[in-house]
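Undergrad: Got a structure here, written out as structure tokens. Questions coming.
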Amino acid sequence: MCRSIKTLRPPITPEVTDEDVRAAALQYVRKVSGFRAPAAHNREVFDQAVDAVAAATRELLDGLQIRGSAARRPSRP
């Protein structure tokens, strides 16, 4: 779908930062909305969508169990 979104799960990406998650969420929302940068009257809903996608992405990554991994990654606060 969006080739600029990189895979964020271990072991492909051993350390995933909040910036990585937000960048992926931003790329996704840009692709789905068709806007690289929304107009002022759409900024709030655009930013809310990026926050929601970032939260869902973090939840997914924190819940994944990777084969061969000693244990699940710890949850983030």
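Each chain of the structure tokens is named A, B, ... in the order shown, its residues numbered from 1; ligands are numbered from 1 in display order.
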Just the alpha helix (DSSP H) stuff from chain A, please, per backbone DSSP, written as a count of residues only.

TA: 37

Undergrad: Near A:Pro14, counting only C-alpha atoms, which residues have an atom at most 12 Å away, once you skip same-chain residues fewer than 3 positions from it, shown as a VMD selection string?

TA: chain A and resid 7 to 11 17 20 61 66 69 73

Undergrad: Using Å and a single decimal, report how far atom CA of A:Thr13 sits from atom CA of A:Leu64.

TA: 13.4 Å
